[in-house]
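For reference, coords.csv (CSV, C-alpha atoms):
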```csv
chain,number,residue,atom,x,y,z
V,1,GLN,CA,0.0,0.0,0.0
V,2,LYS,CA,1.3,3.5,-0.9
V,3,GLU,CA,1.8,5.8,2.1
V,4,VAL,CA,-0.8,8.3,0.8
V,5,GLU,CA,-3.3,7.5,-1.9
V,6,GLN,CA,-5.6,9.8,-3.8
V,7,ASN,CA,-7.6,7.8,-6.3
V,8,SER,CA,-10.2,10.2,-7.7
V,9,GLY,CA,-9.8,11.5,-11.1
V,10,PRO,CA,-10.2,15.2,-12.1
V,11,LEU,CA,-13.1,17.0,-10.4
V,12,SER,CA,-15.2,19.6,-12.2
V,13,VAL,CA,-17.5,21.7,-10.0
V,14,PRO,CA,-19.6,24.7,-10.9
V,15,GLU,CA,-18.7,28.0,-9.3
V,16,GLY,CA,-20.2,28.4,-5.9
V,17,ALA,CA,-20.5,24.6,-5.3
V,18,ILE,CA,-18.7,22.5,-2.8
V,19,ALA,CA,-15.6,20.5,-4.0
V,20,SER,CA,-14.8,17.4,-1.9
V,21,LEU,CA,-11.5,15.6,-2.0
V,22,ASN,CA,-10.4,12.5,-0.2
V,23,CYS,CA,-7.3,10.6,0.6
V,24,THR,CA,-6.3,7.5,2.5
V,25,TYR,CA,-3.0,6.8,4.3
V,26,SER,CA,-1.0,3.9,5.7
V,27,ASP,CA,0.3,3.4,9.2
V,28,ARG,CA,3.7,4.8,8.1
V,29,VAL,CA,2.4,8.3,7.9
V,30,SER,CA,0.2,8.8,10.9
V,31,GLN,CA,1.5,11.8,12.7
V,32,SER,CA,-0.1,14.7,11.0
V,33,PHE,CA,-1.7,15.6,7.6
V,34,PHE,CA,-1.6,18.4,5.2
V,35,TRP,CA,-3.3,19.7,2.1
V,36,TYR,CA,-1.2,21.5,-0.5
V,37,ARG,CA,-2.5,23.4,-3.5
V,38,GLN,CA,-0.4,23.4,-6.7
V,39,TYR,CA,-1.2,25.7,-9.6
V,40,SER,CA,0.0,24.6,-13.0
V,41,GLY,CA,3.8,25.2,-13.4
V,42,LYS,CA,4.1,26.3,-9.8
V,43,SER,CA,5.3,24.7,-6.6
V,44,PRO,CA,3.0,23.2,-3.9
V,45,GLU,CA,1.8,25.6,-1.2
V,46,LEU,CA,0.3,24.6,2.1
V,47,ILE,CA,-3.4,25.5,2.6
V,48,MET,CA,-4.4,23.3,5.5
V,49,SER,CA,-2.9,21.2,8.3
V,50,ILE,CA,-4.7,18.8,10.6
V,51,TYR,CA,-3.3,16.8,13.5
V,52,SER,CA,-6.3,15.4,15.4
V,53,ASN,CA,-9.6,13.7,14.7
V,54,GLY,CA,-12.4,15.8,13.6
V,55,ASP,CA,-12.9,18.9,11.5
V,56,LYS,CA,-10.7,22.0,11.1
V,57,GLU,CA,-12.1,25.0,9.3
V,58,ASP,CA,-10.1,27.9,7.7
V,59,GLY,CA,-12.1,30.3,5.6
V,60,ARG,CA,-13.7,28.4,2.8
V,61,PHE,CA,-11.6,25.3,3.5
V,62,THR,CA,-12.5,22.5,5.9
V,63,ALA,CA,-10.2,19.5,6.6
V,64,GLN,CA,-11.5,16.4,8.1
V,65,LEU,CA,-9.4,13.6,9.7
V,66,ASN,CA,-10.7,10.2,10.7
V,67,LYS,CA,-7.8,8.2,12.2
V,68,ALA,CA,-9.9,5.0,12.7
V,69,SER,CA,-10.6,4.8,9.0
V,70,GLN,CA,-7.3,6.4,8.0
V,71,TYR,CA,-8.7,9.0,5.7
V,72,VAL,CA,-8.4,12.7,5.3
V,73,SER,CA,-10.7,14.9,3.3
V,74,LEU,CA,-10.8,18.5,2.1
V,75,LEU,CA,-13.9,20.5,1.4
V,76,ILE,CA,-13.8,23.7,-0.5
V,77,ARG,CA,-17.0,25.7,-0.1
V,78,ASP,CA,-18.2,28.4,-2.5
V,79,SER,CA,-15.7,27.2,-5.1
V,80,GLN,CA,-14.1,30.0,-7.1
V,81,PRO,CA,-12.3,29.8,-10.5
V,82,SER,CA,-9.1,30.7,-8.6
V,83,ASP,CA,-9.5,27.4,-6.7
V,84,SER,CA,-8.8,25.5,-10.0
V,85,ALA,CA,-5.6,23.7,-9.2
V,86,THR,CA,-4.2,20.3,-8.2
V,87,TYR,CA,-4.6,19.4,-4.6
V,88,LEU,CA,-2.0,17.2,-2.9
V,89,CYS,CA,-2.7,15.3,0.3
V,90,ALA,CA,0.4,14.7,2.5
V,91,GLY,CA,1.1,12.7,5.6
V,92,LYS,CA,4.0,13.0,7.9
V,93,GLY,CA,5.9,10.0,9.3
V,94,ASN,CA,9.6,9.6,10.3
V,95,ASN,CA,10.2,13.4,10.0
V,96,ARG,CA,9.3,13.5,6.3
V,97,LEU,CA,6.2,14.1,4.2
V,98,ALA,CA,4.8,11.6,1.8
V,99,PHE,CA,2.4,12.9,-0.9
V,100,GLY,CA,-0.4,11.5,-2.8
V,101,LYS,CA,-0.5,11.9,-6.6
V,102,GLY,CA,-3.0,14.8,-6.3
V,103,ASN,CA,-6.4,15.6,-7.6
V,104,GLN,CA,-7.1,18.2,-10.2
V,105,VAL,CA,-10.0,20.5,-9.5
V,106,VAL,CA,-11.6,22.6,-12.2
V,107,VAL,CA,-14.1,25.2,-11.1
V,108,ILE,CA,-16.4,26.1,-14.0
V,109,PRO,CA,-17.6,29.7,-14.0
T,1,ASP,CA,12.8,35.9,3.4
T,2,ALA,CA,14.0,34.8,0.0
T,3,GLY,CA,12.4,31.4,0.2
T,4,VAL,CA,14.0,28.2,-1.1
T,5,ILE,CA,16.1,29.0,-4.1
T,6,GLN,CA,16.6,26.5,-6.9
T,7,SER,CA,18.7,26.7,-10.0
T,8,PRO,CA,18.5,26.3,-12.9
T,9,ARG,CA,14.7,26.8,-13.5
T,10,HIS,CA,14.9,24.8,-16.7
T,11,GLU,CA,17.5,22.4,-17.9
T,12,VAL,CA,17.6,20.6,-21.3
T,13,THR,CA,20.3,18.1,-21.8
T,14,GLU,CA,21.2,15.1,-24.0
T,15,MET,CA,21.1,11.6,-22.8
T,16,GLY,CA,24.4,10.6,-21.1
T,17,GLN,CA,25.3,14.1,-19.9
T,18,GLU,CA,25.8,15.0,-16.3
T,19,VAL,CA,23.1,17.2,-14.7
T,20,THR,CA,23.6,19.1,-11.4
T,21,LEU,CA,20.6,20.7,-9.7
T,22,ARG,CA,21.2,23.2,-6.9
T,23,CYS,CA,19.3,24.3,-3.9
T,24,LYS,CA,19.6,27.0,-1.2
T,25,PRO,CA,17.2,26.3,1.7
T,26,ILE,CA,15.7,29.0,3.9
T,27,SER,CA,18.1,30.3,6.4
T,28,GLY,CA,17.7,28.6,9.8
T,29,HIS,CA,15.9,25.6,8.4
T,30,ASN,CA,17.7,22.4,9.4
T,31,SER,CA,16.0,19.8,7.1
T,32,LEU,CA,16.2,19.7,3.4
T,33,PHE,CA,14.3,17.5,1.0
T,34,TRP,CA,14.6,16.6,-2.7
T,35,TYR,CA,11.4,15.6,-4.5
T,36,ARG,CA,10.7,14.6,-8.1
T,37,GLN,CA,7.3,15.1,-9.7
T,38,THR,CA,5.9,13.4,-12.8
T,39,MET,CA,2.4,13.0,-14.1
T,40,MET,CA,2.7,9.2,-13.7
T,41,ARG,CA,4.2,9.0,-10.2
T,42,GLY,CA,3.3,12.3,-8.6
T,43,LEU,CA,5.6,13.9,-6.0
T,44,GLU,CA,8.2,11.4,-4.8
T,45,LEU,CA,10.7,11.9,-2.1
T,46,LEU,CA,14.2,11.2,-3.3
T,47,ILE,CA,16.3,12.0,-0.3
T,48,TYR,CA,16.3,14.2,2.8
T,49,PHE,CA,19.0,15.7,5.0
T,50,ASN,CA,18.8,16.7,8.6
T,51,ASN,CA,21.6,19.1,9.9
T,52,ASN,CA,23.4,18.4,6.6
T,53,VAL,CA,23.4,14.7,7.1
T,54,PRO,CA,21.6,12.4,4.7
T,55,ILE,CA,18.9,10.6,6.7
T,56,ASP,CA,16.9,8.6,4.1
T,57,ASP,CA,18.0,8.1,0.5
T,58,SER,CA,15.7,5.1,-0.1
T,59,GLY,CA,13.8,7.1,-2.8
T,60,MET,CA,16.9,7.7,-4.9
T,61,PRO,CA,16.0,5.6,-8.0
T,62,GLU,CA,19.5,4.4,-9.0
T,63,ASP,CA,23.2,4.8,-8.5
T,64,ARG,CA,23.1,7.4,-11.2
T,65,PHE,CA,21.5,9.8,-8.7
T,66,SER,CA,23.6,11.3,-5.9
T,67,ALA,CA,23.0,14.2,-3.5
T,68,LYS,CA,25.2,16.2,-1.2
T,69,MET,CA,24.8,18.9,1.4
T,70,PRO,CA,28.2,20.3,2.2
T,71,ASN,CA,26.8,23.0,4.5
T,72,ALA,CA,23.6,24.3,5.9
T,73,SER,CA,22.9,26.7,3.0
T,74,PHE,CA,23.6,24.5,-0.1
T,75,SER,CA,22.6,21.2,-1.6
T,76,THR,CA,23.1,19.5,-4.9
T,77,LEU,CA,21.3,16.7,-6.7
T,78,LYS,CA,23.4,15.1,-9.5
T,79,ILE,CA,22.4,12.7,-12.2
T,80,GLN,CA,25.2,11.0,-14.1
T,81,PRO,CA,24.6,9.8,-16.7
T,82,SER,CA,21.2,11.3,-17.4
T,83,GLU,CA,18.5,9.4,-19.3
T,84,PRO,CA,15.2,10.5,-20.9
T,85,ARG,CA,13.2,8.8,-18.1
T,86,ASP,CA,14.8,11.3,-15.7
T,87,SER,CA,12.7,14.1,-17.3
T,88,ALA,CA,10.6,15.6,-14.5
T,89,VAL,CA,10.3,18.6,-12.2
T,90,TYR,CA,12.7,18.4,-9.3
T,91,PHE,CA,11.7,20.3,-6.2
T,92,CYS,CA,13.8,21.1,-3.2
T,93,ALA,CA,12.0,21.9,0.1
T,94,SER,CA,13.2,22.9,3.6
T,95,ILE,CA,11.7,23.1,7.1
T,96,GLN,CA,12.7,23.8,10.6
T,97,THR,CA,12.0,20.6,12.5
T,98,GLY,CA,10.4,20.8,15.9
T,99,THR,CA,8.1,23.7,14.9
T,100,ASN,CA,4.7,24.0,13.3
T,101,SER,CA,6.1,25.8,10.3
T,102,PRO,CA,5.2,24.2,7.0
T,103,LEU,CA,7.4,22.6,4.4
T,104,HIS,CA,8.6,25.4,2.0
T,105,PHE,CA,9.2,24.4,-1.6
T,106,GLY,CA,11.4,26.0,-4.1
T,107,ASN,CA,10.2,26.9,-7.6
T,108,GLY,CA,11.5,23.6,-9.0
T,109,THR,CA,13.8,22.7,-11.8
T,110,ARG,CA,12.2,21.4,-15.0
T,111,LEU,CA,14.6,18.8,-16.4
T,112,THR,CA,14.2,17.5,-20.0
T,113,VAL,CA,16.6,14.8,-21.1
T,114,THR,CA,16.5,14.2,-24.9
```

Write out the structure in this file as structure tokens.
Amino acid sequence: QKEVEQNSGPLSVPEGAIASLNCTYSDRVSQSFFWYRQYSGKSPELIMSIYSNGDKEDGRFTAQLNKASQYVSLLIRDSQPSDSATYLCAGKGNNRLAFGKGNQVVVIP
Amino acid sequence: DAGVIQSPRHEVTEMGQEVTLRCKPISGHNSLFWYRQTMMRGLELLIYFNNNVPIDDSGMPEDRFSAKMPNASFSTLKIQPSEPRDSAVYFCASIQTGTNSPLHFGNGTRLTVT
């Protein structure tokens, strides 16, 4: 099993809708979790971090962590065209971050 | 804060040539990571250093790849000889461990091996 898996294909959402992204992780990366956003041709930038079970909200973004089921999700409310990017899920284990392959989100005006 | 600085931004080389990628981490950060990103495999960790010492190089694909960190402000990733399948974007990232600060990425080096 890969350390962090993101299996969904590209996600298209209409402007103003909610975009929902999920990832699962293995026991090797169980310390803390992060969502990075990467615009085309740019480097990843951190948008959310979550360390304990439950929800964490920051503006239009909500991260959810369920350690029993080993999954992390990201909700983007009121999606905007500027949210169109690839979103990378990352888990920390042994002092380094392992990343999923990412999910492309396209917000349609 | 200048951020993580990588050079060159783009590198085009012929198969068999030596390629050297460079990275200057953020001042004060004590851990440095080299990642490779491709469409097929996503963002893969190649190697990381803590206090200039290589800690985990299990992600380095082959002996053709080597990395050094001679001091706290400089690291190199070398590919010798390069092959077309090495074409990717190579990111360097740094962090100050023991804090809640995030991993900071450089702008990456886009390598094309023809």

- [ ] Compare V:Asn103, V:Ser12, V:Ser32, V:Ser43 by their minimum atom-to-atom distance to chain T, counting all atoms listed in the file, and give me the closest one.
- [x]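 Using all atoms listed in the file, chain T sits closest to V:Ser43.
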
- [ ] Can you work out the spacing between atom CA of Thr76 of chain T and atom CA of Cys23 of chain T in Å, to one decimal?
- [x]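 Computing the Euclidean distance for atom CA of Thr76 of chain T and atom CA of Cys23 of chain T yields 6.2 Å.
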
- [ ] Extract, using only C-alpha atoms, all DNA, RNA and protein residues at most 7 Å from Leu32 of chain T, discarding same-chain residues fewer than 6 positions from it, and format them as a list in words.
- [x]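 Within the cut-off, the hits are Pro25, Tyr48, Phe49, Asn50, Ala93, Ser94 and Ile95 of chain T.
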
Go ahead and dump the residues you just picked, C-alpha atoms, as a CSV table (one decimal), in the coordinates of the input.
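The file below, again_17.csv, is the result:
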```
chain,number,residue,atom,x,y,z
T,25,PRO,CA,17.2,26.3,1.7
T,48,TYR,CA,16.3,14.2,2.8
T,49,PHE,CA,19.0,15.7,5.0
T,50,ASN,CA,18.8,16.7,8.6
T,93,ALA,CA,12.0,21.9,0.1
T,94,SER,CA,13.2,22.9,3.6
T,95,ILE,CA,11.7,23.1,7.1
```

Can you pull out every residue within 9 Å of Arg96 of chain V, counting all atoms listed in the file, but drop anything in the same chain fewer than 2 positions away, and send it as a CSV table (one decimal) with C-alpha atoms, in the coordinates of the input?
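As a result, out-v3.csv now contains:
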```csv
chain,number,residue,atom,x,y,z
V,29,VAL,CA,2.4,8.3,7.9
V,91,GLY,CA,1.1,12.7,5.6
V,92,LYS,CA,4.0,13.0,7.9
V,93,GLY,CA,5.9,10.0,9.3
V,94,ASN,CA,9.6,9.6,10.3
V,98,ALA,CA,4.8,11.6,1.8
T,33,PHE,CA,14.3,17.5,1.0
T,45,LEU,CA,10.7,11.9,-2.1
T,48,TYR,CA,16.3,14.2,2.8
```

Task: Straight-line distance linking atom CA of Ala90 of chain V with atom CA of Phe33 of chain V, stated in Å to one decimal - done: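 For atom CA of Ala90 of chain V relative to atom CA of Phe33 of chain V, the distance reads 5.6 Å.
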
Distance table requested - chain V against chain T, cut-off 7 Å, all atoms listed in the file: one row per qualifying residue with the closest atom pair and its distance in Å to one decimal, ordered by chain and rising residue number, as a Markdown table.
```
| residue | atom | partner | partner_atom | distance |
| --- | --- | --- | --- | --- |
| V:Lys42 | CA | T:Asn107 | CA | 6.5 |
| V:Ser43 | CA | T:Asn107 | CA | 5.5 |
| V:Pro44 | CA | T:Phe105 | CA | 6.7 |
| V:Leu46 | CA | T:Pro102 | CA | 6.9 |
| V:Phe99 | CA | T:Leu43 | CA | 6.1 |
| V:Gly100 | CA | T:Gly42 | CA | 6.9 |
| V:Lys101 | CA | T:Gly42 | CA | 4.3 |
```

Task: Pairwise distance for atom CA of Gln31 of chain V and atom CA of Met48 of chain V, rounded to one decimal in Å - done: 14.8 Å

- [ ] Might you pull out every residue within 10 Å of Leu77 of chain T, with all atoms listed in the file counted and same-chain residues fewer than 4 positions away left off, and present them as a PyMOL selection string?
- [x] chain T and resi 19-23+34+46-47+65-69+90+92

Restricted to C-alpha atoms, what would the selected residues look like written as a short mmCIF file (atom, residue, chain, number, x, y, z; two decimals), keeping the file's coordinate frame?
```
data_model
loop_
_atom_site.label_atom_id
_atom_site.label_comp_id
_atom_site.auth_asym_id
_atom_site.auth_seq_id
_atom_site.Cartn_x
_atom_site.Cartn_y
_atom_site.Cartn_z
CA VAL T 19 23.10 17.20 -14.70
CA THR T 20 23.60 19.10 -11.40
CA LEU T 21 20.60 20.70 -9.70
CA ARG T 22 21.20 23.20 -6.90
CA CYS T 23 19.30 24.30 -3.90
CA TRP T 34 14.60 16.60 -2.70
CA LEU T 46 14.20 11.20 -3.30
CA ILE T 47 16.30 12.00 -0.30
CA PHE T 65 21.50 9.80 -8.70
CA SER T 66 23.60 11.30 -5.90
CA ALA T 67 23.00 14.20 -3.50
CA LYS T 68 25.20 16.20 -1.20
CA MET T 69 24.80 18.90 1.40
CA TYR T 90 12.70 18.40 -9.30
CA CYS T 92 13.80 21.10 -3.20
#
```

TODO: Determine the nearest neighbour of Pro81 of chain T from the options T:Glu18, T:Glu62, T:Asp57, T:Glu11, counting all atoms listed in the file.
DONE: T:Glu18

Open item on the list: If we count all atoms listed in the file and set the cut-off at 9 Å, which residues sit around Pro70 of chain T, ignoring sequence neighbours fewer than 3 positions away in its own chain? Please answer as an MDAnalysis selection string.
Closed with: chainID T and resid 52:53 73:76

Task: For Thr13 of chain T: contacts at 10 Å, only C-alpha atoms, fewer than 6 positions along chain excluded, given as a list of chain:residue names - done: T:Val19, T:Ser82, T:Glu83, T:Pro84, T:Ser87, T:Leu111, T:Thr112, T:Val113, T:Thr114

Open item on the list: Given all atoms listed in the file as the basis, pick out the residue of V:Val105, V:Leu65, V:Leu88, V:Ile47 nearest to Glu15 of chain V.
Closed with: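 When distances to Glu15 of chain V are compared using all atoms listed in the file, the smallest one comes from V:Val105.
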
- [ ] Pick out the closest residue to Thr109 of chain T from this set: T:Arg64, T:His29, T:Arg36, T:Arg85. Count only C-alpha atoms.
- [x]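 Between T:Arg64, T:His29, T:Arg36, T:Arg85, the residue approaching Thr109 of chain T most closely is T:Arg36.
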
All heavy atoms for segment 93-104 of chain V, written as a tab-separated table (two decimals), in the frame of the given file, could you do that?
```
chain	number	residue	atom	x	y	z
V	93	GLY	N	5.47	11.14	8.50
V	93	GLY	CA	5.90	10.00	9.30
V	93	GLY	C	7.45	9.98	9.20
V	93	GLY	O	8.04	10.28	8.16
V	94	ASN	N	8.10	9.66	10.32
V	94	ASN	CA	9.60	9.60	10.30
V	94	ASN	C	10.19	10.91	9.85
V	94	ASN	O	11.16	10.91	9.10
V	94	ASN	CB	10.09	8.44	9.51
V	94	ASN	CG	9.70	7.11	10.12
V	94	ASN	OD1	9.62	6.98	11.35
V	94	ASN	ND2	9.43	6.13	9.28
V	95	ASN	N	9.60	12.04	10.26
V	95	ASN	CA	10.20	13.40	10.00
V	95	ASN	C	10.20	13.73	8.50
V	95	ASN	O	10.98	14.60	8.11
V	95	ASN	CB	11.55	13.51	10.57
V	95	ASN	CG	11.51	13.56	12.08
V	95	ASN	OD1	10.65	14.21	12.66
V	95	ASN	ND2	12.42	12.85	12.73
V	96	ARG	N	9.41	13.06	7.67
V	96	ARG	CA	9.30	13.50	6.30
V	96	ARG	C	7.88	13.37	5.80
V	96	ARG	O	7.09	12.62	6.36
V	96	ARG	CB	10.34	12.80	5.40
V	96	ARG	CG	9.95	11.46	4.79
V	96	ARG	CD	10.07	10.28	5.69
V	96	ARG	NE	9.88	9.04	4.98
V	96	ARG	CZ	8.71	8.54	4.58
V	96	ARG	NH1	7.61	9.21	4.82
V	96	ARG	NH2	8.64	7.38	3.94
V	97	LEU	N	7.56	14.14	4.74
V	97	LEU	CA	6.20	14.10	4.20
V	97	LEU	C	6.14	13.22	2.96
V	97	LEU	O	7.00	13.27	2.09
V	97	LEU	CB	5.81	15.54	3.74
V	97	LEU	CG	5.40	16.56	4.80
V	97	LEU	CD1	4.88	17.82	4.13
V	97	LEU	CD2	4.35	15.99	5.73
V	98	ALA	N	5.08	12.38	2.95
V	98	ALA	CA	4.80	11.60	1.80
V	98	ALA	C	3.53	12.18	1.14
V	98	ALA	O	2.56	12.51	1.83
V	98	ALA	CB	4.56	10.13	2.14
V	99	PHE	N	3.54	12.30	-0.17
V	99	PHE	CA	2.40	12.90	-0.90
V	99	PHE	C	1.66	11.94	-1.72
V	99	PHE	O	2.21	10.97	-2.26
V	99	PHE	CB	3.00	14.01	-1.84
V	99	PHE	CG	3.47	15.26	-1.15
V	99	PHE	CD1	4.73	15.33	-0.60
V	99	PHE	CD2	2.64	16.36	-1.06
V	99	PHE	CE1	5.18	16.48	0.04
V	99	PHE	CE2	3.07	17.51	-0.42
V	99	PHE	CZ	4.33	17.57	0.12
V	100	GLY	N	0.36	12.21	-1.86
V	100	GLY	CA	-0.40	11.50	-2.80
V	100	GLY	C	-0.17	12.10	-4.22
V	100	GLY	O	0.52	13.10	-4.36
V	101	LYS	N	-0.74	11.46	-5.24
V	101	LYS	CA	-0.50	11.90	-6.60
V	101	LYS	C	-1.24	13.21	-6.94
V	101	LYS	O	-0.93	13.87	-7.92
V	101	LYS	CB	-0.88	10.84	-7.61
V	101	LYS	CG	0.08	9.65	-7.60
V	101	LYS	CD	-0.33	8.61	-8.63
V	101	LYS	CE	-0.19	9.11	-10.04
V	101	LYS	NZ	-0.46	8.04	-11.04
V	102	GLY	N	-2.23	13.54	-6.13
V	102	GLY	CA	-3.00	14.80	-6.30
V	102	GLY	C	-4.26	14.59	-7.08
V	102	GLY	O	-4.46	13.60	-7.79
V	103	ASN	N	-5.16	15.52	-6.88
V	103	ASN	CA	-6.40	15.60	-7.60
V	103	ASN	C	-6.57	16.93	-8.26
V	103	ASN	O	-6.44	17.96	-7.59
V	103	ASN	CB	-7.63	15.37	-6.66
V	103	ASN	CG	-7.73	13.96	-6.15
V	103	ASN	OD1	-7.73	13.73	-4.95
V	103	ASN	ND2	-7.81	13.00	-7.06
V	104	GLN	N	-6.88	16.91	-9.54
V	104	GLN	CA	-7.10	18.20	-10.20
V	104	GLN	C	-8.53	18.63	-10.03
V	104	GLN	O	-9.47	17.86	-10.19
V	104	GLN	CB	-6.80	18.02	-11.72
V	104	GLN	CG	-6.89	19.33	-12.49
V	104	GLN	CD	-6.64	19.15	-13.97
V	104	GLN	OE1	-6.61	18.03	-14.48
V	104	GLN	NE2	-6.45	20.26	-14.68
```
